[in-house]
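S.K.: Would you mind keeping the following structure in view while I ask a few things?
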Amino acid sequence: MLMHSGTAFRRIHLTLREIYFTGVMSLIIILVSGLFVGMVLGLQGYDTLQRYGSSEALGILVALSLVRELGPVVAALLFASRAGSAITAEIGLMKATEQLSAMEMMAVDPLARVVAPRFWGGVISMPLLAALFSAMGIFGGYLVGVQLIGVDEGSFWSQMQASVDFREDIMNGVIKSFVFGAIISWVAVFEGYDAEPTAEGVSGATTRTVVTSSLAILAADFILTAFMFRGA
Amino acid sequence: MSRTSLDLWVGFFVAIGLVALLFLAMKVGNLSSSMSGETYAIKASFDNIGALKVRSAVKSAGVVVGRVSDIRFNSQSYQADVTMSMDARFKFPRDTFATINTSGLLGEQYIGFEVGGDEEYLAAGDSVKKTQSAVVLEKLISQFMFKQAADSESGK
Amino acid sequence: MNDDPLVQISNLSFSYDSRPILSGINMTIPRGKVVAIMGSSGCGKTTTLRLIGGQLKPTSGSVTVDGQVVHQLDADSMYAMRRKLGMLFQFGALFTDMTVFENVAFQMREHTNLPEAMIRDLVLMKLHAVGLRGAHALMPTELSGGMARRVALARAIALDPMLIMYDEPFAGLDPISLSIVGELIRKLNDALGASSIVVTHDVQESLKIVDYVYFVSEGKIVAEGTAEEIRKSKTPYVHQFVWGEADGPVPFHYPATSYAEELMGTVS
């Protein structure tokens, strides 16, 4: 698989096209869910924090939970069901309708022409989507916490800045989303390429993509978290 | 979908993705305020560091001037040896007094620098001589209780 | 033109797992001819094409294309060999995410560095040859079955192959499209100076256009000959096939225990 990735970069337009289909097409769902998750965090977080009289810490709560966990994980789960399933279905259908066979007979390697660009498109899109999700979520938390409930704006941002560390929290979040992107894309292209070339085969493979990649994301999240935030 | 509009969309997507990352780094994280530049290390030993952690803040007059970079237990002195990396822009006199403070009643712990009057400055590798340990809340409460008990005893 | 045949299949056997599909087939595809492989569904016709294209490896025996033994080629020479082949898949197998134009241009873009203007001219020429120059901007989903088959044909001849293989080119076509495709196969073959292999079970249509016919049944060649010989053939299997009789050497009934026994027998 990696051996065939050369084409994905030499002919960057193939990969750009996949970034369009996986990344740009997932924008709406990612932005809207990010906003709502952030707003819910704002409400719930405020409710809990104000019992201990520390509602100014709302910024920390919203930012840390989004940047460290919810951003990468929820964005990845959404990405798996939106883009991962689409990749599997597309490759599976190409296989079922003999398009992959036809490509092989035309002396074009489908791994290089079809599979690798989709894989890299997913890997590149995922961290950007996760960052957008987190940013949107923090904005949602700000809307609810500051604009709606009336937490002090200054302490919301300054407390957040004081306790969110760039390397420790943000970079680790980005690394997580990279790993998730690789997992989803790999599962998706594998299931598509491996699908039974029939209608049932493709729909089964699509379901398996969502289930397998979601479980793999959650398991990988636990492992990565255990390594990354052990000392902190 | 023509090739140019596809390119534009992908460019737009990558651009707003990077802006979101930048927003997280600058506005949410502490990349802008953290010392990206040079630092120098100074040491201090405390009897008790409480809940101080690596990357806890070092503040002077309430402003972050450095961060804790290492905490070790010293088996000779039975003290905690704390190494701090200080922002190279700030210098402190040799008789600076390091205390472990708590932000708010239950907040994070940080090291506070109370500046002395010495003419010479702390250089890289130097140690802060005068330190004060963390206030342990349980100790404070039990002292208060004993004092109350002793007062009421003598008052009889 | 040299005299040696373009494709030589000798003593070819192939089995999926342990299920034999082909056993000991010999075929010769001479240069410039259109050869049909006929037989009932599932008799291994498509498998033969895949063996020629090198997508499957024979269990024993060999396929020689233009002097090269296919299954002994390494990946690079295999791809080099395939550039000289064109294949029309059963339902066209057009790339559904590209326009008709891009489908035909696909191989030119992948394998050549031709300038865009030349690719455009070549693609329009190929599409003109199948009568669909006006449809170049359509997506494959907007085409009828017959049109899709013709576009796939234009794509198969995009790089002027020396061997064109057709997998069931007539399946699912209305009578008009059927004879259009049939005529195209013959015309394109002669115009390109190529050789063609047509895998089909449409006897009447293909007998009109082919030079030579092989009949395959249960993995073996049961009859061969020119179109005229086949029509007159007295071989029971060929006779049944050509005249489309329901019962004959190919039985109507799936193998079963005796009818009377099954109905009258005690229920165990």
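Chain labels A, B, ... are given in the sequence in which chains occur in the structure tokens; within each chain residues are numbered consecutively from 1, and ligands are likewise numbered from 1 in the order shown.
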Using only C-alpha atoms, determine which residues of chain C fall within 12 Å of chain B; present them as a VMD selection string.

M.R.: chain C and resid 97 to 99

S.K.: Restricting it to C-alpha atoms, dump the selection as a PDB file, in the first residue's frame.

M.R.:
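Result file follows (out_21.pdb):
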ATOM      1  CA  ASP C  97     -16.847   9.254 -11.723  1.00  0.00           C
ATOM      2  CA  MET C  98     -15.613  10.509 -15.093  1.00  0.00           C
ATOM      3  CA  THR C  99     -17.298  11.850 -18.199  1.00  0.00           C
TER       4      THR C  99
END

S.K.: Just need the residues of chain A within 9 Å of chain C, counting only C-alpha atoms, so spit them out as a PyMOL selection string.

M.R.: chain A and resi 94+97-109

S.K.: Distance limit 10 Å, atoms considered: only C-alpha atoms. Which chain B residues sit that close to chain A? Return them as a VMD selection string.

M.R.: chain B and resid 3 6 to 34 53 to 57 64 104 106 to 108

S.K.: Could you build a table of the residues in range 22-71 of chain B lying no more than 10 Å from range 131-137 of chain B, giving for each the nearest pair of atoms and their separation in Å rounded to one decimal place, using only C-alpha atoms, ordered by chain and ascending residue number, as a tab-separated table?

M.R.:
residue	atom	partner	partner_atom	distance
B:Ala44	CA	B:Thr131	CA	7.2
B:Ser45	CA	B:Thr131	CA	7.0
B:Phe46	CA	B:Ser133	CA	5.6
B:Asp47	CA	B:Ser133	CA	5.7
B:Asn48	CA	B:Ser133	CA	5.1
B:Ile49	CA	B:Ala134	CA	5.4
B:Gly50	CA	B:Ala134	CA	5.3
B:Ala51	CA	B:Ala134	CA	8.2
B:Leu52	CA	B:Ala134	CA	8.6

S.K.: Restricting the output to N, CA, C and O atoms, write the selected residues as a PDB file, in the first residue's frame.

M.R.:
ATOM      1  N   ALA B  44      15.921  25.239  43.049  1.00  0.00           N
ATOM      2  CA  ALA B  44      15.488  25.588  44.400  1.00  0.00           C
ATOM      3  C   ALA B  44      15.107  24.310  45.096  1.00  0.00           C
ATOM      4  O   ALA B  44      14.654  23.366  44.449  1.00  0.00           O
ATOM      5  N   SER B  45      15.337  24.250  46.421  1.00  0.00           N
ATOM      6  CA  SER B  45      14.946  23.051  47.169  1.00  0.00           C
ATOM      7  C   SER B  45      13.841  23.408  48.144  1.00  0.00           C
ATOM      8  O   SER B  45      13.901  24.450  48.802  1.00  0.00           O
ATOM      9  N   PHE B  46      12.847  22.566  48.197  1.00  0.00           N
ATOM     10  CA  PHE B  46      11.710  22.811  49.109  1.00  0.00           C
ATOM     11  C   PHE B  46      11.537  21.613  50.029  1.00  0.00           C
ATOM     12  O   PHE B  46      11.777  20.473  49.630  1.00  0.00           O
ATOM     13  N   ASP B  47      11.072  21.897  51.272  1.00  0.00           N
ATOM     14  CA  ASP B  47      10.772  20.790  52.192  1.00  0.00           C
ATOM     15  C   ASP B  47       9.547  20.025  51.692  1.00  0.00           C
ATOM     16  O   ASP B  47       9.453  18.820  51.845  1.00  0.00           O
ATOM     17  N   ASN B  48       8.612  20.773  51.147  1.00  0.00           N
ATOM     18  CA  ASN B  48       7.364  20.139  50.682  1.00  0.00           C
ATOM     19  C   ASN B  48       6.846  20.943  49.491  1.00  0.00           C
ATOM     20  O   ASN B  48       6.658  22.148  49.598  1.00  0.00           O
ATOM     21  N   ILE B  49       6.645  20.275  48.385  1.00  0.00           N
ATOM     22  CA  ILE B  49       6.186  21.021  47.213  1.00  0.00           C
ATOM     23  C   ILE B  49       4.676  20.918  47.007  1.00  0.00           C
ATOM     24  O   ILE B  49       4.124  21.468  46.059  1.00  0.00           O
ATOM     25  N   GLY B  50       4.002  20.197  47.897  1.00  0.00           N
ATOM     26  CA  GLY B  50       2.548  20.096  47.755  1.00  0.00           C
ATOM     27  C   GLY B  50       2.183  19.451  46.430  1.00  0.00           C
ATOM     28  O   GLY B  50       2.696  18.396  46.075  1.00  0.00           O
ATOM     29  N   ALA B  51       1.331  20.126  45.679  1.00  0.00           N
ATOM     30  CA  ALA B  51       0.843  19.542  44.418  1.00  0.00           C
ATOM     31  C   ALA B  51       1.534  20.155  43.209  1.00  0.00           C
ATOM     32  O   ALA B  51       0.994  20.124  42.110  1.00  0.00           O
ATOM     33  N   LEU B  52       2.734  20.711  43.426  1.00  0.00           N
ATOM     34  CA  LEU B  52       3.458  21.320  42.300  1.00  0.00           C
ATOM     35  C   LEU B  52       3.819  20.240  41.280  1.00  0.00           C
ATOM     36  O   LEU B  52       4.164  19.122  41.644  1.00  0.00           O
TER      37      LEU B  52
END

S.K.: Please provide the set of residues having any atom within 12 Å of Ser214 in chain A, restricted to only C-alpha atoms, with same-chain residues fewer than 3 positions apart removed, written as a list in words.

M.R.: Val73, Val74, Ala75, Ala76, Leu77, Leu78, Phe79, Ala80, Ser81, Arg82, Gly84, Ser85, Phe180, Gly181, Ile183, Ile184, Ser185, Val187, Ala188, Thr207, Arg208, Thr209, Val210, Val211, Ile217, Leu218, Ala219, Ala220 and Asp221 of chain A

S.K.: Restricting it to N, CA and C atoms, dump the selection as an mmCIF file, in the first residue's frame.

M.R.:
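Final output, part-v4.cif:
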data_model
loop_
_atom_site.group_PDB
_atom_site.id
_atom_site.type_symbol
_atom_site.label_atom_id
_atom_site.label_comp_id
_atom_site.auth_asym_id
_atom_site.auth_seq_id
_atom_site.Cartn_x
_atom_site.Cartn_y
_atom_site.Cartn_z
ATOM 1 N N VAL A 73 -11.746 12.821 18.748
ATOM 2 C CA VAL A 73 -12.532 11.576 18.750
ATOM 3 C C VAL A 73 -13.875 11.762 18.048
ATOM 4 N N VAL A 74 -14.618 12.796 18.429
ATOM 5 C CA VAL A 74 -15.946 12.951 17.815
ATOM 6 C C VAL A 74 -15.807 13.266 16.329
ATOM 7 N N ALA A 75 -14.832 14.132 15.990
ATOM 8 C CA ALA A 75 -14.636 14.433 14.573
ATOM 9 C C ALA A 75 -14.283 13.156 13.816
ATOM 10 N N ALA A 76 -13.466 12.293 14.445
ATOM 11 C CA ALA A 76 -13.077 11.048 13.770
ATOM 12 C C ALA A 76 -14.283 10.126 13.598
ATOM 13 N N LEU A 77 -15.134 10.045 14.623
ATOM 14 C CA LEU A 77 -16.317 9.174 14.495
ATOM 15 C C LEU A 77 -17.238 9.685 13.387
ATOM 16 N N LEU A 78 -17.418 11.008 13.351
ATOM 17 C CA LEU A 78 -18.253 11.580 12.284
ATOM 18 C C LEU A 78 -17.613 11.329 10.923
ATOM 19 N N PHE A 79 -16.303 11.504 10.867
ATOM 20 C CA PHE A 79 -15.569 11.324 9.616
ATOM 21 C C PHE A 79 -15.686 9.877 9.132
ATOM 22 N N ALA A 80 -15.621 8.934 10.094
ATOM 23 C CA ALA A 80 -15.723 7.523 9.721
ATOM 24 C C ALA A 80 -17.074 7.235 9.093
ATOM 25 N N SER A 81 -18.144 7.819 9.677
ATOM 26 C CA SER A 81 -19.453 7.480 9.134
ATOM 27 C C SER A 81 -19.773 8.304 7.898
ATOM 28 N N ARG A 82 -19.196 9.500 7.783
ATOM 29 C CA ARG A 82 -19.493 10.322 6.600
ATOM 30 C C ARG A 82 -18.567 9.957 5.434
ATOM 31 N N GLY A 84 -15.565 7.774 5.571
ATOM 32 C CA GLY A 84 -15.051 6.409 5.510
ATOM 33 C C GLY A 84 -16.011 5.499 4.772
ATOM 34 N N SER A 85 -17.297 5.603 5.130
ATOM 35 C CA SER A 85 -18.272 4.735 4.480
ATOM 36 C C SER A 85 -18.356 5.059 2.992
ATOM 37 N N PHE A 180 -5.963 8.869 13.898
ATOM 38 C CA PHE A 180 -7.338 8.446 13.592
ATOM 39 C C PHE A 180 -7.596 8.512 12.097
ATOM 40 N N GLY A 181 -7.092 9.580 11.467
ATOM 41 C CA GLY A 181 -7.276 9.719 10.023
ATOM 42 C C GLY A 181 -6.682 8.535 9.284
ATOM 43 N N ILE A 183 -6.140 5.539 10.528
ATOM 44 C CA ILE A 183 -6.917 4.325 10.829
ATOM 45 C C ILE A 183 -8.164 4.265 9.952
ATOM 46 N N ILE A 184 -8.925 5.371 9.947
ATOM 47 C CA ILE A 184 -10.186 5.369 9.189
ATOM 48 C C ILE A 184 -9.916 5.114 7.712
ATOM 49 N N SER A 185 -8.945 5.863 7.156
ATOM 50 C CA SER A 185 -8.703 5.731 5.712
ATOM 51 C C SER A 185 -8.238 4.330 5.380
ATOM 52 N N VAL A 187 -8.806 1.486 7.063
ATOM 53 C CA VAL A 187 -9.923 0.542 7.162
ATOM 54 C C VAL A 187 -10.853 0.710 5.964
ATOM 55 N N ALA A 188 -11.129 1.968 5.608
ATOM 56 C CA ALA A 188 -12.094 2.228 4.529
ATOM 57 C C ALA A 188 -11.595 1.685 3.193
ATOM 58 N N THR A 207 -20.827 -1.142 6.175
ATOM 59 C CA THR A 207 -21.153 -1.234 7.596
ATOM 60 C C THR A 207 -19.919 -1.583 8.407
ATOM 61 N N ARG A 208 -19.144 -2.547 7.896
ATOM 62 C CA ARG A 208 -17.946 -2.963 8.631
ATOM 63 C C ARG A 208 -16.969 -1.809 8.785
ATOM 64 N N THR A 209 -16.865 -0.967 7.755
ATOM 65 C CA THR A 209 -15.961 0.176 7.853
ATOM 66 C C THR A 209 -16.319 1.049 9.040
ATOM 67 N N VAL A 210 -17.610 1.383 9.164
ATOM 68 C CA VAL A 210 -18.022 2.280 10.239
ATOM 69 C C VAL A 210 -17.790 1.618 11.590
ATOM 70 N N VAL A 211 -18.194 0.350 11.704
ATOM 71 C CA VAL A 211 -18.059 -0.332 12.993
ATOM 72 C C VAL A 211 -16.585 -0.509 13.358
ATOM 73 N N ILE A 217 -10.896 3.555 16.609
ATOM 74 C CA ILE A 217 -10.625 4.925 17.068
ATOM 75 C C ILE A 217 -10.662 4.981 18.594
ATOM 76 N N LEU A 218 -11.699 4.393 19.170
ATOM 77 C CA LEU A 218 -11.832 4.471 20.627
ATOM 78 C C LEU A 218 -10.691 3.729 21.318
ATOM 79 N N ALA A 219 -10.331 2.562 20.790
ATOM 80 C CA ALA A 219 -9.227 1.816 21.398
ATOM 81 C C ALA A 219 -7.923 2.584 21.241
ATOM 82 N N ALA A 220 -7.678 3.116 20.043
ATOM 83 C CA ALA A 220 -6.439 3.861 19.817
ATOM 84 C C ALA A 220 -6.415 5.103 20.690
ATOM 85 N N ASP A 221 -7.581 5.708 20.904
ATOM 86 C CA ASP A 221 -7.634 6.903 21.742
ATOM 87 C C ASP A 221 -7.184 6.587 23.159
#

S.K.: If we count only C-alpha atoms, what is near range 194-200 of chain A at a cut-off of 9 Å, once residues fewer than 2 positions away on the same chain are taken out, given as a PyMOL selection string?

M.R.: chain A and resi 88+91-98+189-192+202-206

S.K.: Store the residues picked out above, limited to N, CA and C atoms, as a compact mmCIF listing (two decimals), in the first residue's frame.

M.R.:
# COMPACT_ATOMS: atom_id res chain seq x y z
N THR A 88 -15.40 3.43 1.17
CA THR A 88 -15.61 1.98 1.01
C THR A 88 -16.64 1.70 -0.07
N ILE A 91 -15.13 2.44 -3.62
CA ILE A 91 -14.17 1.44 -4.09
C ILE A 91 -14.87 0.11 -4.30
N GLY A 92 -15.77 -0.25 -3.37
CA GLY A 92 -16.50 -1.51 -3.50
C GLY A 92 -17.32 -1.56 -4.78
N LEU A 93 -17.98 -0.44 -5.09
CA LEU A 93 -18.79 -0.40 -6.32
C LEU A 93 -17.90 -0.47 -7.55
N MET A 94 -16.76 0.20 -7.48
CA MET A 94 -15.84 0.13 -8.63
C MET A 94 -15.39 -1.30 -8.84
N LYS A 95 -15.25 -2.03 -7.72
CA LYS A 95 -14.85 -3.42 -7.85
C LYS A 95 -16.01 -4.25 -8.41
N ALA A 96 -17.22 -4.02 -7.87
CA ALA A 96 -18.37 -4.80 -8.29
C ALA A 96 -18.69 -4.58 -9.75
N THR A 97 -18.47 -3.38 -10.27
CA THR A 97 -18.78 -3.10 -11.67
C THR A 97 -17.56 -3.31 -12.56
N GLU A 98 -16.57 -4.02 -12.04
CA GLU A 98 -15.37 -4.41 -12.80
C GLU A 98 -14.51 -3.22 -13.22
N VAL A 189 -10.35 1.97 2.83
CA VAL A 189 -9.87 1.49 1.53
C VAL A 189 -9.72 -0.03 1.55
N PHE A 190 -9.30 -0.56 2.70
CA PHE A 190 -9.14 -2.01 2.77
C PHE A 190 -10.48 -2.70 2.59
N GLU A 191 -11.49 -2.25 3.35
CA GLU A 191 -12.80 -2.89 3.25
C GLU A 191 -13.36 -2.77 1.84
N GLY A 192 -13.16 -1.61 1.22
CA GLY A 192 -13.66 -1.43 -0.14
C GLY A 192 -12.97 -2.36 -1.12
N VAL A 202 -20.90 -5.08 -0.91
CA VAL A 202 -20.51 -3.68 -0.74
C VAL A 202 -21.21 -3.08 0.47
N SER A 203 -22.51 -3.37 0.64
CA SER A 203 -23.20 -2.77 1.78
C SER A 203 -22.66 -3.35 3.07
N GLY A 204 -22.33 -4.64 3.06
CA GLY A 204 -21.72 -5.23 4.26
C GLY A 204 -20.40 -4.58 4.57
N ALA A 205 -19.59 -4.34 3.55
CA ALA A 205 -18.27 -3.75 3.76
C ALA A 205 -18.41 -2.33 4.30
N THR A 206 -19.42 -1.59 3.82
CA THR A 206 -19.63 -0.23 4.29
C THR A 206 -19.95 -0.22 5.79

S.K.: Please provide as a PyMOL selection string all residues within 7 Å of Phe92 in chain B, with the sequence filter that same-chain residues fewer than 5 positions apart are discarded (counting only C-alpha atoms).

M.R.: chain B and resi 115+121-122

S.K.: Please identify which residues in range 25-261 of chain C DSSP calls strand (DSSP E or B) from the backbone, and express them as a PyMOL selection string.

M.R.: chain C and resi 25-29+34-38+60-65+68-69+85-89+92+163-167+195-200+212-217+220-225

S.K.: Quick one: residues within 12 Å of range 37-41 of chain B, only C-alpha atoms, excluding same-chain residues fewer than 6 positions away - as a PyMOL selection string?

M.R.: chain B and resi 31+65-70+82-92+122-128

S.K.: So how many Å separate CA of Pro169 in chain C and CA of Thr226 in chain C, to one decimal?

M.R.: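 Interatomic distance here is 19.9 Å.
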